[in-house]
>>> print(open('work.txt').read())   # compact mmCIF, C-alpha atoms
# COMPACT_ATOMS: atom_id res chain seq x y z
CA MET A 1 28.41 1.72 -18.04
CA THR A 2 29.19 2.17 -21.75
CA VAL A 3 29.48 -1.60 -22.15
CA PHE A 4 26.17 -2.10 -20.34
CA TRP A 5 24.31 0.14 -22.75
CA GLY A 6 26.07 -1.56 -25.65
CA LEU A 7 24.68 -4.88 -24.45
CA MET A 8 21.19 -3.39 -24.27
CA ILE A 9 21.17 -2.19 -27.89
CA PRO A 10 20.07 -5.58 -29.34
CA LEU A 11 17.16 -5.75 -26.88
CA ALA A 12 16.07 -2.32 -28.09
CA GLY A 13 15.85 -3.76 -31.62
CA THR A 14 13.64 -6.64 -30.47
CA THR A 15 11.44 -4.22 -28.52
CA LEU A 16 11.01 -1.98 -31.55
CA GLY A 17 10.05 -4.92 -33.75
CA SER A 18 7.59 -6.26 -31.19
CA ALA A 19 5.91 -2.86 -31.09
CA CYS A 20 4.57 -3.56 -34.60
CA VAL A 21 1.54 -5.17 -32.93
CA PHE A 22 0.36 -1.67 -32.02
CA PHE A 23 0.48 -0.44 -35.63
CA LEU A 24 -0.34 -3.45 -37.84
CA LYS A 25 -3.79 -5.05 -37.86
CA ASP A 26 -3.01 -8.35 -39.57
CA LYS A 27 -0.12 -10.76 -39.99
CA LEU A 28 3.06 -9.69 -41.72
CA ASN A 29 2.85 -9.58 -45.50
CA GLU A 30 4.64 -12.64 -46.97
CA LEU A 31 6.78 -10.46 -49.21
CA LEU A 32 7.88 -8.37 -46.22
CA GLN A 33 8.46 -11.48 -44.13
CA LYS A 34 10.75 -13.04 -46.74
CA GLY A 35 12.70 -9.82 -47.02
CA LEU A 36 13.11 -9.51 -43.26
CA LEU A 37 14.31 -13.11 -42.96
CA GLY A 38 16.84 -12.53 -45.75
CA PHE A 39 18.08 -9.30 -44.18
CA ALA A 40 18.49 -10.93 -40.77
CA SER A 41 20.37 -13.85 -42.34
CA GLY A 42 22.75 -11.53 -44.16
CA VAL A 43 23.53 -9.56 -41.01
CA MET A 44 24.19 -12.72 -38.99
CA VAL A 45 26.46 -14.31 -41.61
CA ALA A 46 28.48 -11.12 -42.03
CA ALA A 47 28.76 -10.69 -38.26
CA SER A 48 29.94 -14.28 -37.91
CA VAL A 49 32.69 -13.76 -40.48
CA TRP A 50 33.88 -10.20 -39.95
CA SER A 51 33.25 -9.74 -36.22
CA LEU A 52 33.94 -13.24 -34.91
CA LEU A 53 35.82 -15.70 -37.15
CA ILE A 54 38.39 -13.30 -38.60
CA PRO A 55 39.26 -11.79 -35.16
CA SER A 56 39.49 -15.35 -33.81
CA MET A 57 42.12 -16.25 -36.40
CA ASP A 58 43.93 -12.95 -35.86
CA MET A 59 44.22 -13.68 -32.13
CA ALA A 60 45.68 -17.11 -32.90
CA ALA A 61 48.17 -15.73 -35.45
CA GLY A 62 51.05 -16.91 -33.24
CA MET A 63 50.18 -20.49 -34.21
CA GLY A 64 51.34 -19.81 -37.75
CA ARG A 65 49.68 -21.95 -40.39
CA LEU A 66 47.55 -23.56 -37.67
CA ALA A 67 45.92 -20.26 -36.70
CA PHE A 68 42.66 -21.52 -38.17
CA VAL A 69 42.41 -24.42 -35.70
CA PRO A 70 40.85 -22.52 -32.73
CA ALA A 71 38.39 -20.82 -35.10
CA ALA A 72 37.39 -24.08 -36.78
CA ALA A 73 37.11 -25.97 -33.50
CA GLY A 74 35.07 -23.23 -31.83
CA MET A 75 32.73 -22.93 -34.81
CA LEU A 76 32.02 -26.67 -34.79
CA LEU A 77 31.45 -26.62 -31.03
CA GLY A 78 29.03 -23.69 -31.39
CA MET A 79 27.02 -25.55 -34.02
CA ALA A 80 26.99 -28.69 -31.86
CA PHE A 81 25.77 -26.64 -28.89
CA LEU A 82 22.80 -25.21 -30.82
CA LEU A 83 22.04 -28.64 -32.28
CA GLY A 84 21.83 -29.97 -28.73
CA MET A 85 19.61 -27.08 -27.63
CA ASP A 86 17.33 -27.77 -30.60
CA ARG A 87 16.91 -31.34 -29.39
CA VAL A 88 16.16 -30.63 -25.71
CA ILE A 89 14.00 -27.47 -25.88
CA PRO A 90 10.47 -27.82 -27.34
CA HIS A 91 9.87 -25.07 -29.90
CA LEU A 92 7.81 -24.24 -32.97
CA HIS A 93 9.08 -22.33 -35.98
CA LEU A 94 7.12 -19.81 -37.97
CA GLY A 95 5.04 -21.33 -40.77
CA THR A 96 5.16 -24.89 -39.40
CA GLN A 97 2.64 -26.95 -37.45
CA GLU A 98 4.96 -29.63 -36.11
CA ALA A 99 7.01 -28.75 -33.03
CA GLU A 100 10.66 -29.70 -32.64
CA GLY A 101 12.34 -31.08 -29.54
CA PRO A 102 10.75 -33.33 -26.92
CA LYS A 103 6.98 -33.82 -26.89
CA THR A 104 5.15 -31.34 -24.68
CA SER A 105 1.71 -29.98 -23.90
CA LEU A 106 2.84 -26.37 -24.23
CA LYS A 107 0.73 -24.02 -26.36
CA LYS A 108 1.89 -23.26 -29.90
CA THR A 109 2.34 -19.60 -29.02
CA THR A 110 4.63 -20.53 -26.12
CA MET A 111 6.74 -22.78 -28.35
CA LEU A 112 6.99 -20.02 -30.95
CA VAL A 113 8.43 -17.69 -28.30
CA LEU A 114 10.83 -20.45 -27.22
CA ALA A 115 12.02 -20.83 -30.81
CA VAL A 116 12.94 -17.14 -31.08
CA THR A 117 14.46 -17.18 -27.59
CA LEU A 118 16.62 -20.12 -28.68
CA HIS A 119 17.78 -18.10 -31.69
CA ASN A 120 18.66 -15.16 -29.48
CA ILE A 121 21.09 -17.13 -27.29
CA PRO A 122 23.98 -17.13 -29.81
CA GLU A 123 23.36 -13.48 -30.65
CA GLY A 124 23.73 -12.51 -27.00
CA MET A 125 26.87 -14.64 -26.74
CA ALA A 126 28.30 -12.97 -29.84
CA VAL A 127 27.78 -9.45 -28.51
CA GLY A 128 29.16 -10.43 -25.09
CA VAL A 129 32.30 -12.12 -26.37
CA VAL A 130 33.11 -9.26 -28.76
CA TYR A 131 32.75 -6.69 -25.98
CA ALA A 132 34.93 -8.94 -23.81
CA GLY A 133 37.55 -8.94 -26.57
CA SER A 134 37.41 -5.16 -26.80
CA MET A 135 38.27 -4.98 -23.09
CA GLN A 136 41.55 -6.87 -23.68
CA PRO A 137 43.52 -4.38 -25.82
CA GLU A 138 46.83 -5.95 -24.83
CA GLN A 139 45.97 -9.19 -26.66
CA VAL A 140 47.25 -9.55 -30.22
CA GLY A 141 44.40 -9.20 -32.71
CA SER A 142 41.98 -8.00 -30.04
CA VAL A 143 38.61 -6.63 -31.12
CA SER A 144 38.17 -2.85 -31.14
CA PHE A 145 35.40 -1.20 -29.17
CA ALA A 146 34.09 0.27 -32.43
CA SER A 147 33.75 -3.25 -33.87
CA ALA A 148 31.92 -4.40 -30.73
CA PHE A 149 29.52 -1.47 -31.00
CA ALA A 150 29.00 -2.15 -34.72
CA LEU A 151 28.12 -5.77 -33.98
CA ALA A 152 25.63 -4.71 -31.28
CA VAL A 153 23.95 -2.31 -33.73
CA GLY A 154 23.96 -4.96 -36.47
CA ILE A 155 22.31 -7.52 -34.20
CA ALA A 156 19.78 -4.87 -33.15
CA LEU A 157 18.90 -4.21 -36.80
CA GLN A 158 18.20 -7.87 -37.45
CA ASN A 159 16.29 -8.09 -34.15
CA VAL A 160 13.72 -5.58 -35.41
CA PRO A 161 12.21 -8.03 -37.94
CA GLU A 162 12.71 -10.88 -35.48
CA GLY A 163 10.63 -9.08 -32.85
CA ALA A 164 7.88 -8.47 -35.40
CA ILE A 165 7.97 -12.05 -36.64
CA VAL A 166 7.34 -13.41 -33.14
CA ALA A 167 4.89 -10.77 -31.86
CA MET A 168 2.57 -10.61 -34.89
CA PRO A 169 1.64 -14.34 -34.91
CA LEU A 170 0.93 -14.11 -31.17
CA ARG A 171 -1.46 -11.23 -31.84
CA GLN A 172 -3.04 -13.15 -34.72
CA ALA A 173 -3.58 -16.13 -32.40
CA GLY A 174 -5.87 -13.96 -30.27
CA MET A 175 -3.47 -12.53 -27.72
CA SER A 176 -3.92 -8.92 -26.62
CA ARG A 177 -1.60 -6.37 -28.17
CA VAL A 178 0.09 -5.67 -24.83
CA LYS A 179 0.71 -9.35 -24.07
CA ALA A 180 1.97 -10.09 -27.59
CA PHE A 181 4.33 -7.10 -27.36
CA THR A 182 5.56 -8.14 -23.91
CA LEU A 183 6.29 -11.74 -24.93
CA GLY A 184 7.99 -10.57 -28.11
CA MET A 185 10.19 -8.19 -26.13
CA LEU A 186 10.98 -10.82 -23.47
CA SER A 187 12.13 -13.25 -26.17
CA GLY A 188 15.04 -10.84 -26.67
CA ALA A 189 15.81 -10.45 -22.96
CA VAL A 190 18.01 -13.54 -23.13
CA GLU A 191 20.50 -11.57 -25.25
CA PRO A 192 21.84 -9.10 -22.63
CA LEU A 193 21.76 -11.90 -20.03
CA GLY A 194 23.73 -14.20 -22.32
CA ALA A 195 26.12 -11.38 -23.13
CA LEU A 196 26.82 -10.64 -19.45
CA LEU A 197 27.40 -14.35 -18.76
CA THR A 198 29.80 -14.59 -21.71
CA ILE A 199 31.77 -11.53 -20.54
CA GLY A 200 32.11 -13.13 -17.11
CA LEU A 201 33.37 -16.39 -18.62
CA ALA A 202 35.77 -14.51 -20.89
CA ALA A 203 37.32 -12.77 -17.89
CA VAL A 204 38.05 -16.18 -16.34
CA PHE A 205 39.08 -17.97 -19.53
CA ALA A 206 40.87 -15.14 -21.35
CA PRO A 207 43.29 -17.47 -23.23
CA MET A 208 40.24 -19.18 -24.75
CA MET A 209 39.04 -15.97 -26.43
CA PRO A 210 39.71 -17.20 -30.02
CA VAL A 211 37.60 -20.30 -29.37
CA MET A 212 34.86 -18.30 -27.65
CA LEU A 213 34.61 -15.90 -30.60
CA SER A 214 34.29 -18.73 -33.11
CA PHE A 215 31.91 -20.65 -30.82
CA ALA A 216 29.48 -17.72 -31.01
CA ALA A 217 29.97 -17.61 -34.79
CA GLY A 218 29.16 -21.31 -35.13
CA ALA A 219 26.01 -20.94 -33.05
CA MET A 220 24.83 -18.01 -35.16
CA LEU A 221 25.58 -19.80 -38.43
CA TYR A 222 23.61 -22.80 -37.21
CA VAL A 223 20.54 -20.60 -36.74
CA VAL A 224 20.93 -19.13 -40.22
CA VAL A 225 21.44 -22.43 -42.06
CA GLU A 226 19.01 -24.54 -40.04
CA GLU A 227 16.15 -22.10 -39.62
CA LEU A 228 16.26 -18.68 -41.27
CA VAL A 229 17.33 -19.64 -44.80
CA PRO A 230 14.92 -22.61 -45.09
CA GLU A 231 12.03 -20.39 -43.91
CA MET A 232 13.09 -17.74 -46.42
CA ALA A 233 13.30 -20.28 -49.26
CA GLN A 234 9.76 -21.66 -48.84
CA GLY A 235 6.85 -20.51 -50.98
CA THR A 236 6.94 -17.37 -53.12
CA HIS A 237 9.04 -14.18 -53.12
CA THR A 238 12.25 -16.08 -52.31
CA ASN A 239 14.20 -13.77 -54.62
CA VAL A 240 13.31 -10.85 -52.34
CA GLY A 241 14.89 -12.69 -49.41
CA THR A 242 18.03 -13.33 -51.48
CA VAL A 243 18.38 -9.65 -52.41
CA LEU A 244 17.84 -8.52 -48.81
CA PHE A 245 20.39 -11.12 -47.66
CA ALA A 246 22.97 -9.31 -49.80
CA VAL A 247 21.85 -5.94 -48.41
CA GLY A 248 22.11 -7.14 -44.80
CA PHE A 249 25.50 -8.73 -45.39
CA SER A 250 26.87 -5.62 -47.10
CA LEU A 251 25.55 -3.30 -44.39
CA MET A 252 27.06 -5.36 -41.58
CA MET A 253 30.36 -5.66 -43.46
CA ALA A 254 30.49 -1.88 -43.94
CA MET A 255 29.68 -1.23 -40.26
CA ASP A 256 32.49 -3.50 -39.10
CA TYR A 257 35.07 -2.05 -41.52
>>> encode(input="work.txt", output="C-alpha cells")
Amino acid sequence: MTVFWGLMIPLAGTTLGSACVFFLKDKLNELLQKGLLGFASGVMVAASVWSLLIPSMDMAAGMGRLAFVPAAAGMLLGMAFLLGMDRVIPHLHLGTQEAEGPKTSLKKTTMLVLAVTLHNIPEGMAVGVVYAGSMQPEQVGSVSFASAFALAVGIALQNVPEGAIVAMPLRQAGMSRVKAFTLGMLSGAVEPLGALLTIGLAAVFAPMMPVMLSFAAGAMLYVVVEELVPEMAQGTHTNVGTVLFAVGFSLMMAMDY
C-alpha cells in the first residue's frame, strides 16, 4: 500500500496545478511560465542523473569498465522511444500553432492535452522503475526506498506547473473551469498507470533493471531537450527560466542525497 500511495504522489502534483483554473482569471504570466518551465526542466534533469543513470551504473558495477554500457544503451533507447511517440501521436505544444505528428482533425485543446500526456509517460515510467528497484534490496546498487520517494515528490513538484500550463490554456480557449481542471488532471493519470506497468515489467525482467532505469532517464531527457528547454528559451524572461532550472536541479539533487 505504501508503494501505491508513492505512485499517486505525482498525480497529486498535476491535480494541484490544474486547480489553478479556479483561482486565476487569465492565462499564466509569461514570466511565471518561463520560471515554471525552467524549474520543471531542472527537476527532470537532476532526477535523470541522480535517481536513474547513476543507480543504473551502480547496478552494473560488476561489468567493470563497461558498467556504463547498460546505462548508455538504455538512455538511447528511451530517447528513441519518445522520438517514435512524437511521430505517431498528434499533439500541440504550448505557444505553437502547428501540430506535430500525423495530420488529424482533433481540436487544438485536445492535442495540447495529448502533448502533456505524452510528456507524462516517461515520468510515470521513472517513478515505477525506481520503486521497482527499491523492492529488490538484494541487488547490488539497488535503489533505496527513500530515493524512490524523493523522486516521486520531485516529479510531483514539477507536475504542479505542468498541470497549470495545460489547464490554463484550456480555460482561456473557452472551456469551463471544471472541464479544464478535469482534463488537466487526467493528463497526469497516465503516470501512475505507467508506473504500475513498469513495476510489473521489472518483476518479470529483473536482470534488465539497469537498462530500464536508464531507459526512463533517456525518455525524460528527451522531453527536456526537445520540448521544455526550447519553450523556455523563446521570447523574453529566458534568464528567469535558467535561474529556476538551477533551483529545480539543486532541490532534486538535495532530495535524492
>>> closest_atom_pairs(input="work.txt", of="range 113-231 of chain A", to="range 75-92 of chain A", cutoff="12 Å", atoms="only C-alpha atoms", output="JSON lines")
{"residue": "A:Val113", "atom": "CA", "partner": "A:His91", "partner_atom": "CA", "distance": 7.7}
{"residue": "A:Leu114", "atom": "CA", "partner": "A:His91", "partner_atom": "CA", "distance": 5.4}
{"residue": "A:Ala115", "atom": "CA", "partner": "A:His91", "partner_atom": "CA", "distance": 4.8}
{"residue": "A:Val116", "atom": "CA", "partner": "A:His91", "partner_atom": "CA", "distance": 8.6}
{"residue": "A:Thr117", "atom": "CA", "partner": "A:His91", "partner_atom": "CA", "distance": 9.4}
{"residue": "A:Leu118", "atom": "CA", "partner": "A:Met85", "partner_atom": "CA", "distance": 7.6}
{"residue": "A:His119", "atom": "CA", "partner": "A:Leu82", "partner_atom": "CA", "distance": 8.7}
{"residue": "A:Asn120", "atom": "CA", "partner": "A:Leu82", "partner_atom": "CA", "distance": 11.0}
{"residue": "A:Ile121", "atom": "CA", "partner": "A:Leu82", "partner_atom": "CA", "distance": 9.0}
{"residue": "A:Pro122", "atom": "CA", "partner": "A:Leu82", "partner_atom": "CA", "distance": 8.2}
{"residue": "A:Glu123", "atom": "CA", "partner": "A:Gly78", "partner_atom": "CA", "distance": 11.7}
{"residue": "A:Met125", "atom": "CA", "partner": "A:Gly78", "partner_atom": "CA", "distance": 10.4}
{"residue": "A:Ala126", "atom": "CA", "partner": "A:Gly78", "partner_atom": "CA", "distance": 10.9}
{"residue": "A:Val166", "atom": "CA", "partner": "A:Leu92", "partner_atom": "CA", "distance": 10.8}
{"residue": "A:Pro169", "atom": "CA", "partner": "A:Leu92", "partner_atom": "CA", "distance": 11.8}
{"residue": "A:Pro210", "atom": "CA", "partner": "A:Met75", "partner_atom": "CA", "distance": 10.2}
{"residue": "A:Val211", "atom": "CA", "partner": "A:Met75", "partner_atom": "CA", "distance": 7.8}
{"residue": "A:Met212", "atom": "CA", "partner": "A:Gly78", "partner_atom": "CA", "distance": 8.8}
{"residue": "A:Leu213", "atom": "CA", "partner": "A:Met75", "partner_atom": "CA", "distance": 8.4}
{"residue": "A:Ser214", "atom": "CA", "partner": "A:Met75", "partner_atom": "CA", "distance": 4.8}
{"residue": "A:Phe215", "atom": "CA", "partner": "A:Gly78", "partner_atom": "CA", "distance": 4.2}
{"residue": "A:Ala216", "atom": "CA", "partner": "A:Gly78", "partner_atom": "CA", "distance": 6.0}
{"residue": "A:Ala217", "atom": "CA", "partner": "A:Met75", "partner_atom": "CA", "distance": 6.0}
{"residue": "A:Gly218", "atom": "CA", "partner": "A:Met75", "partner_atom": "CA", "distance": 3.9}
{"residue": "A:Ala219", "atom": "CA", "partner": "A:Gly78", "partner_atom": "CA", "distance": 4.4}
{"residue": "A:Met220", "atom": "CA", "partner": "A:Met79", "partner_atom": "CA", "distance": 7.9}
{"residue": "A:Leu221", "atom": "CA", "partner": "A:Met79", "partner_atom": "CA", "distance": 7.4}
{"residue": "A:Tyr222", "atom": "CA", "partner": "A:Met79", "partner_atom": "CA", "distance": 5.4}
{"residue": "A:Val223", "atom": "CA", "partner": "A:Leu82", "partner_atom": "CA", "distance": 7.8}
{"residue": "A:Val224", "atom": "CA", "partner": "A:Met79", "partner_atom": "CA", "distance": 10.8}
{"residue": "A:Val225", "atom": "CA", "partner": "A:Met79", "partner_atom": "CA", "distance": 10.3}
{"residue": "A:Glu226", "atom": "CA", "partner": "A:Leu83", "partner_atom": "CA", "distance": 9.3}
{"residue": "A:Glu227", "atom": "CA", "partner": "A:Asp86", "partner_atom": "CA", "distance": 10.7}
>>> closest_residue(input="work.txt", among="A:Leu228, A:Leu186, A:Ala19, A:Met255", to="Ile155 in chain A", atoms="only C-alpha atoms")
A:Met255
>>> residues_around(input="work.txt", residues="Gly235 in chain A", least_positions_apart="3", cutoff="12 Å", atoms="all atoms listed in the file", output="ChimeraX atom specification")
/A:30-31,33-34,95,230-232,238-241
>>> atom_distance(input="work.txt", atom1="CA of Ser250 in chain A", atom2="CA of Val130 in chain A")
19.7 Å
>>> residues_around(input="work.txt", residues="Phe22 in chain A", least_positions_apart="2", cutoff="9 Å", atoms="only C-alpha atoms", output="ChimeraX atom specification")
/A:18-20,24-25,177-178,181
>>> closest_residue(input="work.txt", among="A:Leu11, A:Leu32, A:Val21, A:Ile54", to="Gly124 in chain A", atoms="all atoms listed in the file")
A:Leu11
>>> closest_atom_pairs(input="work.txt", of="range 159-214 of chain A", to="range 36-40 of chain A", cutoff="9 Å", atoms="all atoms listed in the file", output="tab-separated table")
residue	atom	partner	partner_atom	distance
A:Asn159	CA	A:Ala40	CA	7.5
A:Val160	CA	A:Leu36	CA	8.8
A:Pro161	CA	A:Leu36	CA	5.6
A:Glu162	CA	A:Ala40	CA	7.8
A:Ile165	CA	A:Leu36	CA	8.8
>>> closest_residue(input="work.txt", among="A:Asp58, A:Ala254, A:Leu16, A:Met8", to="Gly163 in chain A", atoms="all atoms listed in the file")
A:Leu16
>>> residues_around(input="work.txt", residues="range 192-206 of chain A", least_positions_apart="2", cutoff="6 Å", atoms="all atoms listed in the file", output="ChimeraX atom specification")
/A:7-8,124-125,127-129,132,190,208-209
>>> closest_residue(input="work.txt", among="A:Ala12, A:Leu52, A:Ala61, A:Ala150", to="Ser187 in chain A", atoms="all atoms listed in the file")
A:Ala12
>>> decode(input="work.txt", residues="range 239-252 of chain A", atoms="N, CA, C and O atoms", output="compact mmCIF listing (two decimals), in the first residue's frame")
# COMPACT_ATOMS: atom_id res chain seq x y z
N ASN A 239 16.15 34.35 -18.87
CA ASN A 239 17.09 34.25 -17.75
C ASN A 239 16.40 33.73 -16.49
O ASN A 239 17.01 33.04 -15.67
N VAL A 240 15.10 34.05 -16.35
CA VAL A 240 14.35 33.55 -15.20
C VAL A 240 14.25 32.03 -15.27
O VAL A 240 14.41 31.34 -14.26
N GLY A 241 13.99 31.50 -16.47
CA GLY A 241 13.93 30.06 -16.65
C GLY A 241 15.25 29.40 -16.31
O GLY A 241 15.28 28.32 -15.70
N THR A 242 16.37 30.05 -16.70
CA THR A 242 17.69 29.49 -16.43
C THR A 242 17.96 29.42 -14.92
O THR A 242 18.46 28.42 -14.41
N VAL A 243 17.61 30.49 -14.21
CA VAL A 243 17.81 30.52 -12.75
C VAL A 243 16.95 29.46 -12.08
O VAL A 243 17.42 28.72 -11.20
N LEU A 244 15.68 29.34 -12.49
CA LEU A 244 14.80 28.34 -11.89
C LEU A 244 15.21 26.91 -12.27
O LEU A 244 14.93 25.97 -11.52
N PHE A 245 15.86 26.75 -13.43
CA PHE A 245 16.42 25.44 -13.78
C PHE A 245 17.43 25.02 -12.71
O PHE A 245 17.41 23.89 -12.22
N ALA A 246 18.32 25.95 -12.34
CA ALA A 246 19.33 25.65 -11.32
C ALA A 246 18.68 25.35 -9.98
O ALA A 246 19.12 24.45 -9.25
N VAL A 247 17.61 26.07 -9.65
CA VAL A 247 16.90 25.85 -8.38
C VAL A 247 16.27 24.46 -8.38
O VAL A 247 16.40 23.70 -7.41
N GLY A 248 15.59 24.11 -9.46
CA GLY A 248 14.96 22.79 -9.55
C GLY A 248 15.96 21.66 -9.51
O GLY A 248 15.75 20.65 -8.83
N PHE A 249 17.08 21.83 -10.22
CA PHE A 249 18.12 20.81 -10.23
C PHE A 249 18.69 20.63 -8.83
O PHE A 249 18.85 19.50 -8.35
N SER A 250 19.01 21.75 -8.17
CA SER A 250 19.61 21.68 -6.83
C SER A 250 18.65 21.04 -5.82
O SER A 250 19.06 20.24 -4.97
N LEU A 251 17.37 21.40 -5.91
CA LEU A 251 16.38 20.85 -4.98
C LEU A 251 16.25 19.34 -5.15
O LEU A 251 16.24 18.59 -4.17
N MET A 252 16.17 18.88 -6.40
CA MET A 252 16.03 17.45 -6.65
C MET A 252 17.30 16.71 -6.23
O MET A 252 17.23 15.61 -5.66
